[in-house]
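What follows is a single structure, written as structure tokens, with notes after it.
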Amino acid sequence: MSDTVLQQLDDDGVLLLTLNRPHKKNAFSNEQWLAFKDALVAASDNPLVACVVITGAGFDFSSGVDLNDFSETEGEHPFAVSAKALVDFDKPVVSAARGVAVGGGATLLLHTDVVYVGDSLRLRFPFTALGLVPEWGSSYQLQVIIGARKAAELMYTSEWINADKAVELGIATASFDDDVLLDKAMEKAREIAQWPIPSLVETKKLMRNVHRAAIHSAMGGETEGMSRLAGTPENIEAVVAIMEKRKPDFKQFRG
């Protein structure tokens with residue numbers, strides 16, 4: 001079992017999954033994507049698990065994809081496999097996010113049922129700033145959660161969002177002091193977990209099934225968009241600018 005995703009199941013039926021690469025702000029490696037997928041599949045099959053809580057080790061939730069470990073693999077990429085596992089997960093999920101939640105760390109939250117954030121939250125959908133497109137079905141899911149106009153503003157500007165803004169927009173359910181965030185999330189998960197698991201599963205199916213096909217369709221379109229834009233001059237400029245700690249110059253590619 002990989003130590004990139006820690007698992008702890010309590011007597012109330014709450015499984016705590018902790019993204020565990022704090023030295024990388026919990027950026028997802030290929031190993032961690034697969035470990036996350038495996039944990040969800042096991043939780044779905046485990047009759048003792050009623051609710052899952054997802055959080056990040058250290059001071060951050062997740063900074064998204066680890067660009068140093070996003071190599072191509074044979075067959076379906078670990079990112080895609082992991083994304084589908086969460087989209088299709090059939091039990092309630094509560095998330096507790098503080099610090100950085102960027103890229104995959106932000107889009108992951110859109111597929112959790114209750115989102116609690118800490119007051120240190122810094123959330124961003126950075127895809128246009130990277131010369132890319134949204135991922136993980138977020139091109140659809142963000143619109144469903146906060147509305148098309150607000151979603152367009154966030155996606156087009158790649159702006160940073162704090163905890164208050166996340167709650168105001170409806171991305172987050174509630175915000176708490178960092179020190180009590182996980183306790184609040186576990187408390188809510190235990191409140192959920194007291195009820196019959198079959199009822200929770202069927203209720204989630206009813207609430208999610210109306211969106212599931214659209215989310216998968218969005219993910220397919222996003223994959224195609226990513227393949228067209230990854231490695232373009234604009235995308236390379238964005239990545240190099242990050243490494244050189246400067247503002248990217250996209251105007252050089254116009255005209």
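Residues are referred to by chain and number: the chain letter is A, B, ... according to the order shown in the structure tokens, the number counts from 1 in that chain, and ligands are numbered separately from 1 in the order shown.
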List every residue of range 170-231 of chain A that has an atom at most 7 Å from any atom of range 89-96 of chain A, and for each one report the closest atom pair and its distance in Å to one decimal, counting only C-alpha atoms, with rows sorted by chain and then by increasing residue number, as JSON lines.
```
{"residue": "A:Leu181", "atom": "CA", "partner": "A:Ala96", "partner_atom": "CA", "distance": 6.4}
{"residue": "A:Leu182", "atom": "CA", "partner": "A:Ala96", "partner_atom": "CA", "distance": 5.9}
{"residue": "A:Ala185", "atom": "CA", "partner": "A:Ala96", "partner_atom": "CA", "distance": 6.1}
{"residue": "A:Ala189", "atom": "CA", "partner": "A:Val94", "partner_atom": "CA", "distance": 6.5}
{"residue": "A:Leu200", "atom": "CA", "partner": "A:Lys91", "partner_atom": "CA", "distance": 6.6}
{"residue": "A:Val201", "atom": "CA", "partner": "A:Lys91", "partner_atom": "CA", "distance": 5.3}
{"residue": "A:Lys204", "atom": "CA", "partner": "A:Asp90", "partner_atom": "CA", "distance": 6.4}
{"residue": "A:Lys205", "atom": "CA", "partner": "A:Asp90", "partner_atom": "CA", "distance": 6.6}
```
Write the residues you've just listed into a file as a PDB file, in the first residue's frame, and include all heavy atoms for each of them.
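What follows is the written file selection09.pdb:
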```pdb
ATOM      1  N   LEU A 181     -10.680  22.736  11.463  1.00  0.00           N
ATOM      2  CA  LEU A 181     -11.268  22.326  10.183  1.00  0.00           C
ATOM      3  C   LEU A 181     -11.508  20.827  10.097  1.00  0.00           C
ATOM      4  O   LEU A 181     -12.617  20.378   9.792  1.00  0.00           O
ATOM      5  CB  LEU A 181     -10.365  22.776   9.033  1.00  0.00           C
ATOM      6  CG  LEU A 181     -10.738  22.274   7.637  1.00  0.00           C
ATOM      7  CD1 LEU A 181     -12.095  22.827   7.208  1.00  0.00           C
ATOM      8  CD2 LEU A 181      -9.650  22.645   6.630  1.00  0.00           C
ATOM      9  N   LEU A 182     -10.475  20.034  10.344  1.00  0.00           N
ATOM     10  CA  LEU A 182     -10.621  18.596  10.204  1.00  0.00           C
ATOM     11  C   LEU A 182     -11.604  18.040  11.230  1.00  0.00           C
ATOM     12  O   LEU A 182     -12.395  17.139  10.919  1.00  0.00           O
ATOM     13  CB  LEU A 182      -9.264  17.903  10.341  1.00  0.00           C
ATOM     14  CG  LEU A 182      -9.269  16.382  10.113  1.00  0.00           C
ATOM     15  CD1 LEU A 182      -9.859  16.027   8.749  1.00  0.00           C
ATOM     16  CD2 LEU A 182      -7.858  15.813  10.246  1.00  0.00           C
ATOM     17  N   ALA A 185     -15.020  18.607   9.897  1.00  0.00           N
ATOM     18  CA  ALA A 185     -15.315  17.700   8.787  1.00  0.00           C
ATOM     19  C   ALA A 185     -15.614  16.295   9.293  1.00  0.00           C
ATOM     20  O   ALA A 185     -16.560  15.639   8.824  1.00  0.00           O
ATOM     21  CB  ALA A 185     -14.141  17.672   7.812  1.00  0.00           C
ATOM     22  N   ALA A 189     -19.067  14.159   8.980  1.00  0.00           N
ATOM     23  CA  ALA A 189     -19.040  12.824   8.388  1.00  0.00           C
ATOM     24  C   ALA A 189     -19.675  11.797   9.312  1.00  0.00           C
ATOM     25  O   ALA A 189     -20.396  10.892   8.859  1.00  0.00           O
ATOM     26  CB  ALA A 189     -17.600  12.434   8.063  1.00  0.00           C
ATOM     27  N   LEU A 200     -27.812   5.835   2.091  1.00  0.00           N
ATOM     28  CA  LEU A 200     -26.857   6.856   1.676  1.00  0.00           C
ATOM     29  C   LEU A 200     -26.427   6.634   0.223  1.00  0.00           C
ATOM     30  O   LEU A 200     -26.338   7.588  -0.563  1.00  0.00           O
ATOM     31  CB  LEU A 200     -25.633   6.841   2.594  1.00  0.00           C
ATOM     32  CG  LEU A 200     -25.871   7.248   4.051  1.00  0.00           C
ATOM     33  CD1 LEU A 200     -24.607   7.002   4.881  1.00  0.00           C
ATOM     34  CD2 LEU A 200     -26.297   8.715   4.153  1.00  0.00           C
ATOM     35  N   VAL A 201     -26.152   5.381  -0.119  1.00  0.00           N
ATOM     36  CA  VAL A 201     -25.707   5.049  -1.469  1.00  0.00           C
ATOM     37  C   VAL A 201     -26.793   5.354  -2.498  1.00  0.00           C
ATOM     38  O   VAL A 201     -26.534   5.984  -3.540  1.00  0.00           O
ATOM     39  CB  VAL A 201     -25.285   3.567  -1.555  1.00  0.00           C
ATOM     40  CG1 VAL A 201     -25.080   3.144  -3.013  1.00  0.00           C
ATOM     41  CG2 VAL A 201     -24.016   3.329  -0.754  1.00  0.00           C
ATOM     42  N   LYS A 204     -27.234   9.109  -2.919  1.00  0.00           N
ATOM     43  CA  LYS A 204     -26.172   9.728  -3.718  1.00  0.00           C
ATOM     44  C   LYS A 204     -26.351   9.399  -5.200  1.00  0.00           C
ATOM     45  O   LYS A 204     -26.139  10.258  -6.061  1.00  0.00           O
ATOM     46  CB  LYS A 204     -24.798   9.282  -3.233  1.00  0.00           C
ATOM     47  CG  LYS A 204     -23.667   9.899  -4.065  1.00  0.00           C
ATOM     48  CD  LYS A 204     -22.349   9.943  -3.358  1.00  0.00           C
ATOM     49  CE  LYS A 204     -21.295  10.630  -4.201  1.00  0.00           C
ATOM     50  NZ  LYS A 204     -20.000  10.775  -3.514  1.00  0.00           N
ATOM     51  N   LYS A 205     -26.756   8.169  -5.493  1.00  0.00           N
ATOM     52  CA  LYS A 205     -26.988   7.800  -6.886  1.00  0.00           C
ATOM     53  C   LYS A 205     -28.040   8.705  -7.514  1.00  0.00           C
ATOM     54  O   LYS A 205     -27.884   9.195  -8.639  1.00  0.00           O
ATOM     55  CB  LYS A 205     -27.437   6.343  -6.979  1.00  0.00           C
ATOM     56  CG  LYS A 205     -26.341   5.316  -6.823  1.00  0.00           C
ATOM     57  CD  LYS A 205     -26.906   3.920  -6.975  1.00  0.00           C
ATOM     58  CE  LYS A 205     -25.828   2.860  -6.807  1.00  0.00           C
ATOM     59  NZ  LYS A 205     -26.397   1.479  -6.926  1.00  0.00           N
TER      60      LYS A 205
END
```
List the neighbours of Ala97 in chain A out to 9 Å using only C-alpha atoms; skip same-chain residues closer than 5 positions along the sequence, and give me the result as a list in words.
Ile54, Thr55, Gly56, Asp60, Phe61, Ser62, Gly105, Leu109, Val115, Tyr116, Val117, Gly118, Leu121, Asp178, Leu181 and Leu182 of chain A
Quick one: distance from CA of Ser63 in chain A to CA of Asn20 in chain A in Å, one decimal?
12.0 Å
Have a look at CA of Phe36 in chain A and CA of Ile146 in chain A and let me know their distance in Å, one decimal.
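A separation of 26.5 Å between them.
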Quick one: which range 21-98 of chain A residues come within 12 Å of range 210-219 of chain A, and what is the nearest atom pair for each with the distance in Å to one decimal, counting only C-alpha atoms, rows ordered by chain and ascending number, as a Markdown table?
```
| residue | atom | partner | partner_atom | distance |
| --- | --- | --- | --- | --- |
| A:Phe79 | CA | A:Met219 | CA | 11.4 |
| A:Ala80 | CA | A:Met219 | CA | 8.7 |
| A:Val81 | CA | A:Met219 | CA | 11.4 |
| A:Ala83 | CA | A:Met219 | CA | 9.0 |
| A:Lys84 | CA | A:His216 | CA | 8.0 |
| A:Ala85 | CA | A:His216 | CA | 11.4 |
| A:Leu86 | CA | A:Arg212 | CA | 11.3 |
| A:Val87 | CA | A:Arg212 | CA | 7.5 |
| A:Asp88 | CA | A:Arg212 | CA | 7.7 |
| A:Phe89 | CA | A:Arg212 | CA | 10.8 |
| A:Asp90 | CA | A:Arg212 | CA | 11.5 |
```
Go ahead and write the residues just picked, all heavy atoms, as an mmCIF file, in the first residue's frame.
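The new file result-v8.cif reads:
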```
data_model
loop_
_atom_site.group_PDB
_atom_site.id
_atom_site.type_symbol
_atom_site.label_atom_id
_atom_site.label_comp_id
_atom_site.auth_asym_id
_atom_site.auth_seq_id
_atom_site.Cartn_x
_atom_site.Cartn_y
_atom_site.Cartn_z
ATOM 1 N N PHE A 79 -4.144 9.672 -13.830
ATOM 2 C CA PHE A 79 -5.013 10.813 -13.533
ATOM 3 C C PHE A 79 -6.445 10.515 -13.961
ATOM 4 O O PHE A 79 -7.397 10.739 -13.208
ATOM 5 C CB PHE A 79 -4.517 12.071 -14.240
ATOM 6 C CG PHE A 79 -5.532 13.182 -14.254
ATOM 7 C CD1 PHE A 79 -5.713 13.987 -13.144
ATOM 8 C CD2 PHE A 79 -6.322 13.408 -15.374
ATOM 9 C CE1 PHE A 79 -6.660 14.998 -13.145
ATOM 10 C CE2 PHE A 79 -7.269 14.423 -15.383
ATOM 11 C CZ PHE A 79 -7.434 15.221 -14.266
ATOM 12 N N ALA A 80 -6.616 10.018 -15.191
ATOM 13 C CA ALA A 80 -7.952 9.750 -15.715
ATOM 14 C C ALA A 80 -8.641 8.650 -14.921
ATOM 15 O O ALA A 80 -9.841 8.723 -14.619
ATOM 16 C CB ALA A 80 -7.869 9.365 -17.186
ATOM 17 N N VAL A 81 -7.890 7.609 -14.557
ATOM 18 C CA VAL A 81 -8.443 6.505 -13.785
ATOM 19 C C VAL A 81 -8.916 6.993 -12.422
ATOM 20 O O VAL A 81 -10.001 6.639 -11.941
ATOM 21 C CB VAL A 81 -7.392 5.386 -13.621
ATOM 22 C CG1 VAL A 81 -7.898 4.309 -12.665
ATOM 23 C CG2 VAL A 81 -7.057 4.771 -14.977
ATOM 24 N N ALA A 83 -9.693 10.139 -11.560
ATOM 25 C CA ALA A 83 -10.818 11.056 -11.719
ATOM 26 C C ALA A 83 -12.129 10.299 -11.867
ATOM 27 O O ALA A 83 -13.132 10.633 -11.224
ATOM 28 C CB ALA A 83 -10.577 11.963 -12.925
ATOM 29 N N LYS A 84 -12.124 9.277 -12.682
ATOM 30 C CA LYS A 84 -13.343 8.493 -12.894
ATOM 31 C C LYS A 84 -13.769 7.789 -11.608
ATOM 32 O O LYS A 84 -14.967 7.660 -11.316
ATOM 33 C CB LYS A 84 -13.131 7.471 -14.008
ATOM 34 C CG LYS A 84 -13.031 8.093 -15.390
ATOM 35 C CD LYS A 84 -12.773 7.042 -16.460
ATOM 36 C CE LYS A 84 -12.649 7.685 -17.840
ATOM 37 N NZ LYS A 84 -12.339 6.669 -18.882
ATOM 38 N N ALA A 85 -12.799 7.346 -10.817
ATOM 39 C CA ALA A 85 -13.123 6.660 -9.565
ATOM 40 C C ALA A 85 -13.861 7.589 -8.606
ATOM 41 O O ALA A 85 -14.808 7.167 -7.930
ATOM 42 C CB ALA A 85 -11.848 6.128 -8.911
ATOM 43 N N LEU A 86 -13.458 8.847 -8.546
ATOM 44 C CA LEU A 86 -14.143 9.783 -7.658
ATOM 45 C C LEU A 86 -15.498 10.191 -8.221
ATOM 46 O O LEU A 86 -16.485 10.272 -7.483
ATOM 47 C CB LEU A 86 -13.285 11.024 -7.417
ATOM 48 C CG LEU A 86 -13.895 12.065 -6.479
ATOM 49 C CD1 LEU A 86 -14.184 11.457 -5.100
ATOM 50 C CD2 LEU A 86 -12.990 13.280 -6.328
ATOM 51 N N VAL A 87 -15.561 10.451 -9.510
ATOM 52 C CA VAL A 87 -16.836 10.829 -10.132
ATOM 53 C C VAL A 87 -17.889 9.746 -9.914
ATOM 54 O O VAL A 87 -19.063 10.040 -9.668
ATOM 55 C CB VAL A 87 -16.635 11.097 -11.643
ATOM 56 C CG1 VAL A 87 -17.983 11.203 -12.361
ATOM 57 C CG2 VAL A 87 -15.817 12.359 -11.851
ATOM 58 N N ASP A 88 -17.487 8.488 -9.979
ATOM 59 C CA ASP A 88 -18.424 7.374 -9.860
ATOM 60 C C ASP A 88 -18.514 6.804 -8.449
ATOM 61 O O ASP A 88 -19.225 5.828 -8.222
ATOM 62 C CB ASP A 88 -18.021 6.251 -10.829
ATOM 63 C CG ASP A 88 -18.174 6.668 -12.287
ATOM 64 O OD1 ASP A 88 -19.038 7.526 -12.566
ATOM 65 O OD2 ASP A 88 -17.432 6.151 -13.139
ATOM 66 N N PHE A 89 -17.812 7.398 -7.493
ATOM 67 C CA PHE A 89 -17.837 6.884 -6.121
ATOM 68 C C PHE A 89 -19.244 7.002 -5.561
ATOM 69 O O PHE A 89 -19.904 8.034 -5.701
ATOM 70 C CB PHE A 89 -16.846 7.654 -5.254
ATOM 71 C CG PHE A 89 -16.667 7.075 -3.877
ATOM 72 C CD1 PHE A 89 -16.107 5.818 -3.707
ATOM 73 C CD2 PHE A 89 -17.067 7.782 -2.751
ATOM 74 C CE1 PHE A 89 -15.940 5.278 -2.438
ATOM 75 C CE2 PHE A 89 -16.910 7.262 -1.484
ATOM 76 C CZ PHE A 89 -16.347 6.000 -1.323
ATOM 77 N N ASP A 90 -19.722 5.944 -4.896
ATOM 78 C CA ASP A 90 -21.143 5.855 -4.566
ATOM 79 C C ASP A 90 -21.497 6.134 -3.106
ATOM 80 O O ASP A 90 -22.644 5.932 -2.700
ATOM 81 C CB ASP A 90 -21.684 4.476 -4.956
ATOM 82 C CG ASP A 90 -20.967 3.325 -4.248
ATOM 83 O OD1 ASP A 90 -20.024 3.593 -3.464
ATOM 84 O OD2 ASP A 90 -21.340 2.161 -4.481
#
```
With only C-alpha atoms as the atoms that count, which of A:Asn68, A:Leu6, A:Ala27, A:Glu202 lies nearest to Ala39 in chain A?
A:Leu6
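Closest to Gly231 in chain A among A:Pro196, A:Gly13, A:Gly99, A:Gly131 is A:Gly131, based on only C-alpha atoms.
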Rounded to one decimal in Å, what is the spacing between CA of Ala163 in chain A and CA of Ile192 in chain A?
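For CA of Ala163 in chain A relative to CA of Ile192 in chain A, the distance reads 23.6 Å.
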Can you tell me, as a PyMOL selection string, what residues are no more than 9 Å from Ile171 in chain A when counting only C-alpha atoms, ignoring any on the same chain fewer than 2 positions away?
chain A and resi 109-110+115+142+145-146+165-169+173
Could you write out the selected residues, including N, CA, C and O atoms, as a PDB file, in the first residue's frame?
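Below is the file that was written, out31.pdb:
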```pdb
ATOM      1  N   LEU A 109     -12.341  18.990  -5.417  1.00  0.00           N
ATOM      2  CA  LEU A 109     -13.349  19.436  -4.446  1.00  0.00           C
ATOM      3  C   LEU A 109     -14.739  19.507  -5.061  1.00  0.00           C
ATOM      4  O   LEU A 109     -15.742  19.337  -4.355  1.00  0.00           O
ATOM      5  N   LEU A 110     -14.815  19.753  -6.364  1.00  0.00           N
ATOM      6  CA  LEU A 110     -16.111  19.878  -7.022  1.00  0.00           C
ATOM      7  C   LEU A 110     -16.881  18.563  -7.040  1.00  0.00           C
ATOM      8  O   LEU A 110     -18.092  18.557  -7.283  1.00  0.00           O
ATOM      9  N   VAL A 115     -18.108  20.379   1.310  1.00  0.00           N
ATOM     10  CA  VAL A 115     -16.777  20.967   1.208  1.00  0.00           C
ATOM     11  C   VAL A 115     -16.575  21.960   2.339  1.00  0.00           C
ATOM     12  O   VAL A 115     -17.193  23.029   2.356  1.00  0.00           O
ATOM     13  N   LEU A 142     -18.360  22.945 -12.384  1.00  0.00           N
ATOM     14  CA  LEU A 142     -18.308  24.262 -11.750  1.00  0.00           C
ATOM     15  C   LEU A 142     -19.535  25.088 -12.125  1.00  0.00           C
ATOM     16  O   LEU A 142     -20.090  25.808 -11.294  1.00  0.00           O
ATOM     17  N   ILE A 145     -22.518  23.984 -10.053  1.00  0.00           N
ATOM     18  CA  ILE A 145     -22.438  24.353  -8.641  1.00  0.00           C
ATOM     19  C   ILE A 145     -22.653  25.843  -8.415  1.00  0.00           C
ATOM     20  O   ILE A 145     -23.396  26.246  -7.514  1.00  0.00           O
ATOM     21  N   ILE A 146     -22.043  26.694  -9.247  1.00  0.00           N
ATOM     22  CA  ILE A 146     -22.103  28.137  -8.963  1.00  0.00           C
ATOM     23  C   ILE A 146     -22.778  28.953 -10.062  1.00  0.00           C
ATOM     24  O   ILE A 146     -22.955  30.158  -9.902  1.00  0.00           O
ATOM     25  N   LYS A 165     -14.683  33.858  -0.195  1.00  0.00           N
ATOM     26  CA  LYS A 165     -15.179  33.881  -1.567  1.00  0.00           C
ATOM     27  C   LYS A 165     -15.675  32.501  -1.990  1.00  0.00           C
ATOM     28  O   LYS A 165     -16.701  32.382  -2.681  1.00  0.00           O
ATOM     29  N   ALA A 166     -14.979  31.460  -1.561  1.00  0.00           N
ATOM     30  CA  ALA A 166     -15.388  30.100  -1.909  1.00  0.00           C
ATOM     31  C   ALA A 166     -16.762  29.783  -1.332  1.00  0.00           C
ATOM     32  O   ALA A 166     -17.600  29.154  -1.988  1.00  0.00           O
ATOM     33  N   VAL A 167     -17.018  30.216  -0.105  1.00  0.00           N
ATOM     34  CA  VAL A 167     -18.320  30.003   0.511  1.00  0.00           C
ATOM     35  C   VAL A 167     -19.370  30.871  -0.170  1.00  0.00           C
ATOM     36  O   VAL A 167     -20.487  30.423  -0.458  1.00  0.00           O
ATOM     37  N   GLU A 168     -19.036  32.113  -0.436  1.00  0.00           N
ATOM     38  CA  GLU A 168     -19.977  33.042  -1.080  1.00  0.00           C
ATOM     39  C   GLU A 168     -20.432  32.504  -2.439  1.00  0.00           C
ATOM     40  O   GLU A 168     -21.621  32.571  -2.786  1.00  0.00           O
ATOM     41  N   LEU A 169     -19.490  31.959  -3.204  1.00  0.00           N
ATOM     42  CA  LEU A 169     -19.815  31.442  -4.530  1.00  0.00           C
ATOM     43  C   LEU A 169     -20.574  30.118  -4.476  1.00  0.00           C
ATOM     44  O   LEU A 169     -21.281  29.770  -5.418  1.00  0.00           O
ATOM     45  N   THR A 173     -18.991  24.623   1.324  1.00  0.00           N
ATOM     46  CA  THR A 173     -20.190  24.584   2.153  1.00  0.00           C
ATOM     47  C   THR A 173     -20.066  25.542   3.329  1.00  0.00           C
ATOM     48  O   THR A 173     -21.011  26.257   3.673  1.00  0.00           O
TER      49      THR A 173
END
```
All helix (DSSP H, G or I) residues (DSSP, backbone) inside range 78-232 of chain A, as a ChimeraX atom specification
/A:78-87,104-111,128-130,138-146,148-157,163-169,178-193,197-229
Contact residues around Asp177 in chain A with only C-alpha atoms at 6 Å, ignoring same-chain residues under 2 positions, as a PyMOL selection string
chain A and resi 118-119+179-180
For the residues selected in the previous step, produce a file with C-alpha atoms as an mmCIF file, in the first residue's frame.
```
data_model
loop_
_atom_site.group_PDB
_atom_site.id
_atom_site.type_symbol
_atom_site.label_atom_id
_atom_site.label_comp_id
_atom_site.auth_asym_id
_atom_site.auth_seq_id
_atom_site.Cartn_x
_atom_site.Cartn_y
_atom_site.Cartn_z
ATOM 1 C CA GLY A 118 -9.937 26.513 6.336
ATOM 2 C CA ASP A 119 -9.397 30.230 6.613
ATOM 3 C CA ASP A 179 -7.117 24.451 13.693
ATOM 4 C CA VAL A 180 -10.646 23.019 13.879
#
```
Shell of 10 Å around Ile242 in chain A, only C-alpha atoms, local chain residues under 6 positions omitted, as a PyMOL selection string
chain A and resi 130+236+248
Could you write out the selected residues, including N, CA and C atoms, as an mmCIF file, in the first residue's frame?
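The file below, out_11.cif, is the result:
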```cif
data_model
loop_
_atom_site.group_PDB
_atom_site.id
_atom_site.type_symbol
_atom_site.label_atom_id
_atom_site.label_comp_id
_atom_site.auth_asym_id
_atom_site.auth_seq_id
_atom_site.Cartn_x
_atom_site.Cartn_y
_atom_site.Cartn_z
ATOM 1 N N LEU A 130 -2.264 28.620 -17.793
ATOM 2 C CA LEU A 130 -1.279 27.626 -18.200
ATOM 3 C C LEU A 130 -1.354 27.322 -19.693
ATOM 4 N N ILE A 236 4.129 26.049 -23.115
ATOM 5 C CA ILE A 236 5.545 25.998 -22.737
ATOM 6 C C ILE A 236 5.958 27.316 -22.080
ATOM 7 N N PRO A 248 4.254 35.419 -17.484
ATOM 8 C CA PRO A 248 4.366 34.914 -18.856
ATOM 9 C C PRO A 248 4.039 35.999 -19.881
#
```
Test item: residues at most 8 Å from Glu31 in chain A, only C-alpha atoms, excluding those fewer than 6 positions along its chain, as a PyMOL selection string:
chain A and resi 2+4+78
Would you please give, as a PyMOL selection string, all residues of range 16-213 of chain A that DSSP assigns to strand (DSSP E) based on the backbone?
chain A and resi 16-19+51-56+93-97+100-102+114-118+122-124+160-161+174-176
Hey, can you spit out that residue selection with N, CA and C atoms as an mmCIF file, in the first residue's frame?
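Full text of part38.cif as output:
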```
data_model
loop_
_atom_site.group_PDB
_atom_site.id
_atom_site.type_symbol
_atom_site.label_atom_id
_atom_site.label_comp_id
_atom_site.auth_asym_id
_atom_site.auth_seq_id
_atom_site.Cartn_x
_atom_site.Cartn_y
_atom_site.Cartn_z
ATOM 1 N N LEU A 16 -10.976 8.250 6.756
ATOM 2 C CA LEU A 16 -10.206 9.458 6.506
ATOM 3 C C LEU A 16 -9.086 9.142 5.517
ATOM 4 N N LEU A 17 -9.117 9.817 4.361
ATOM 5 C CA LEU A 17 -8.058 9.705 3.362
ATOM 6 C C LEU A 17 -7.235 10.985 3.393
ATOM 7 N N THR A 18 -5.940 10.845 3.641
ATOM 8 C CA THR A 18 -5.060 12.011 3.726
ATOM 9 C C THR A 18 -4.055 11.980 2.588
ATOM 10 N N LEU A 19 -4.117 12.987 1.719
ATOM 11 C CA LEU A 19 -3.135 13.123 0.652
ATOM 12 C C LEU A 19 -1.796 13.446 1.313
ATOM 13 N N CYS A 51 -18.935 6.763 5.037
ATOM 14 C CA CYS A 51 -18.635 8.108 4.546
ATOM 15 C C CYS A 51 -17.124 8.280 4.493
ATOM 16 N N VAL A 52 -16.661 9.069 3.543
ATOM 17 C CA VAL A 52 -15.224 9.312 3.368
ATOM 18 C C VAL A 52 -14.928 10.790 3.583
ATOM 19 N N VAL A 53 -13.823 11.064 4.255
ATOM 20 C CA VAL A 53 -13.314 12.425 4.410
ATOM 21 C C VAL A 53 -11.970 12.503 3.699
ATOM 22 N N ILE A 54 -11.790 13.536 2.879
ATOM 23 C CA ILE A 54 -10.527 13.736 2.165
ATOM 24 C C ILE A 54 -9.881 15.024 2.657
ATOM 25 N N THR A 55 -8.607 14.940 3.033
ATOM 26 C CA THR A 55 -7.873 16.122 3.467
ATOM 27 C C THR A 55 -6.425 16.008 2.989
ATOM 28 N N GLY A 56 -5.622 17.016 3.291
ATOM 29 C CA GLY A 56 -4.221 17.004 2.895
ATOM 30 C C GLY A 56 -3.306 17.081 4.099
ATOM 31 N N VAL A 93 -18.995 11.920 0.404
ATOM 32 C CA VAL A 93 -17.617 12.364 0.592
ATOM 33 C C VAL A 93 -17.622 13.786 1.165
ATOM 34 N N VAL A 94 -16.880 13.967 2.245
ATOM 35 C CA VAL A 94 -16.681 15.276 2.849
ATOM 36 C C VAL A 94 -15.225 15.656 2.634
ATOM 37 N N SER A 95 -14.956 16.894 2.240
ATOM 38 C CA SER A 95 -13.572 17.327 2.070
ATOM 39 C C SER A 95 -13.238 18.411 3.068
ATOM 40 N N ALA A 96 -11.980 18.420 3.501
ATOM 41 C CA ALA A 96 -11.468 19.431 4.433
ATOM 42 C C ALA A 96 -10.208 20.010 3.810
ATOM 43 N N ALA A 97 -10.326 21.206 3.242
ATOM 44 C CA ALA A 97 -9.219 21.793 2.476
ATOM 45 C C ALA A 97 -8.762 23.098 3.088
ATOM 46 N N VAL A 100 -3.238 25.713 0.002
ATOM 47 C CA VAL A 100 -3.328 25.694 -1.457
ATOM 48 C C VAL A 100 -4.249 24.580 -1.945
ATOM 49 N N ALA A 101 -5.176 24.949 -2.830
ATOM 50 C CA ALA A 101 -6.014 23.983 -3.560
ATOM 51 C C ALA A 101 -6.062 24.482 -4.992
ATOM 52 N N VAL A 102 -5.183 23.956 -5.826
ATOM 53 C CA VAL A 102 -4.975 24.487 -7.169
ATOM 54 C C VAL A 102 -5.088 23.370 -8.193
ATOM 55 N N VAL A 114 -19.760 17.470 0.526
ATOM 56 C CA VAL A 114 -19.709 18.548 1.516
ATOM 57 C C VAL A 114 -18.283 19.069 1.525
ATOM 58 N N VAL A 115 -18.108 20.379 1.310
ATOM 59 C CA VAL A 115 -16.777 20.967 1.208
ATOM 60 C C VAL A 115 -16.575 21.960 2.339
ATOM 61 N N TYR A 116 -15.713 21.599 3.283
ATOM 62 C CA TYR A 116 -15.329 22.504 4.362
ATOM 63 C C TYR A 116 -13.929 23.020 4.063
ATOM 64 N N VAL A 117 -13.729 24.341 4.245
ATOM 65 C CA VAL A 117 -12.425 24.928 3.947
ATOM 66 C C VAL A 117 -11.902 25.685 5.162
ATOM 67 N N GLY A 118 -10.580 25.763 5.271
ATOM 68 C CA GLY A 118 -9.937 26.513 6.336
ATOM 69 C C GLY A 118 -9.741 27.954 5.935
ATOM 70 N N ARG A 122 -6.372 29.020 -0.350
ATOM 71 C CA ARG A 122 -6.042 29.759 -1.568
ATOM 72 C C ARG A 122 -6.326 28.824 -2.732
ATOM 73 N N LEU A 123 -7.484 29.031 -3.366
ATOM 74 C CA LEU A 123 -7.984 28.108 -4.389
ATOM 75 C C LEU A 123 -7.914 28.768 -5.752
ATOM 76 N N ARG A 124 -7.592 27.960 -6.768
ATOM 77 C CA ARG A 124 -7.460 28.513 -8.114
ATOM 78 C C ARG A 124 -7.691 27.452 -9.172
ATOM 79 N N TRP A 160 -7.362 33.902 -8.005
ATOM 80 C CA TRP A 160 -7.259 33.235 -6.717
ATOM 81 C C TRP A 160 -8.515 33.505 -5.889
ATOM 82 N N ILE A 161 -8.944 32.492 -5.138
ATOM 83 C CA ILE A 161 -10.153 32.600 -4.321
ATOM 84 C C ILE A 161 -9.795 32.261 -2.880
ATOM 85 N N ALA A 174 -18.883 25.550 3.961
ATOM 86 C CA ALA A 174 -18.645 26.410 5.123
ATOM 87 C C ALA A 174 -17.141 26.538 5.319
ATOM 88 N N SER A 175 -16.738 27.592 6.061
ATOM 89 C CA SER A 175 -15.319 27.772 6.382
ATOM 90 C C SER A 175 -15.130 27.800 7.893
ATOM 91 N N PHE A 176 -13.954 27.360 8.326
ATOM 92 C CA PHE A 176 -13.617 27.289 9.745
ATOM 93 C C PHE A 176 -12.165 27.693 9.935
#
```
Just want the 12 Å neighbourhood of Gly221 in chain A, counted on only C-alpha atoms, with same-chain residues fewer than 2 positions away dropped. Output as an NGL selection string.
:A and (133-140 or 214-219 or 223-228)
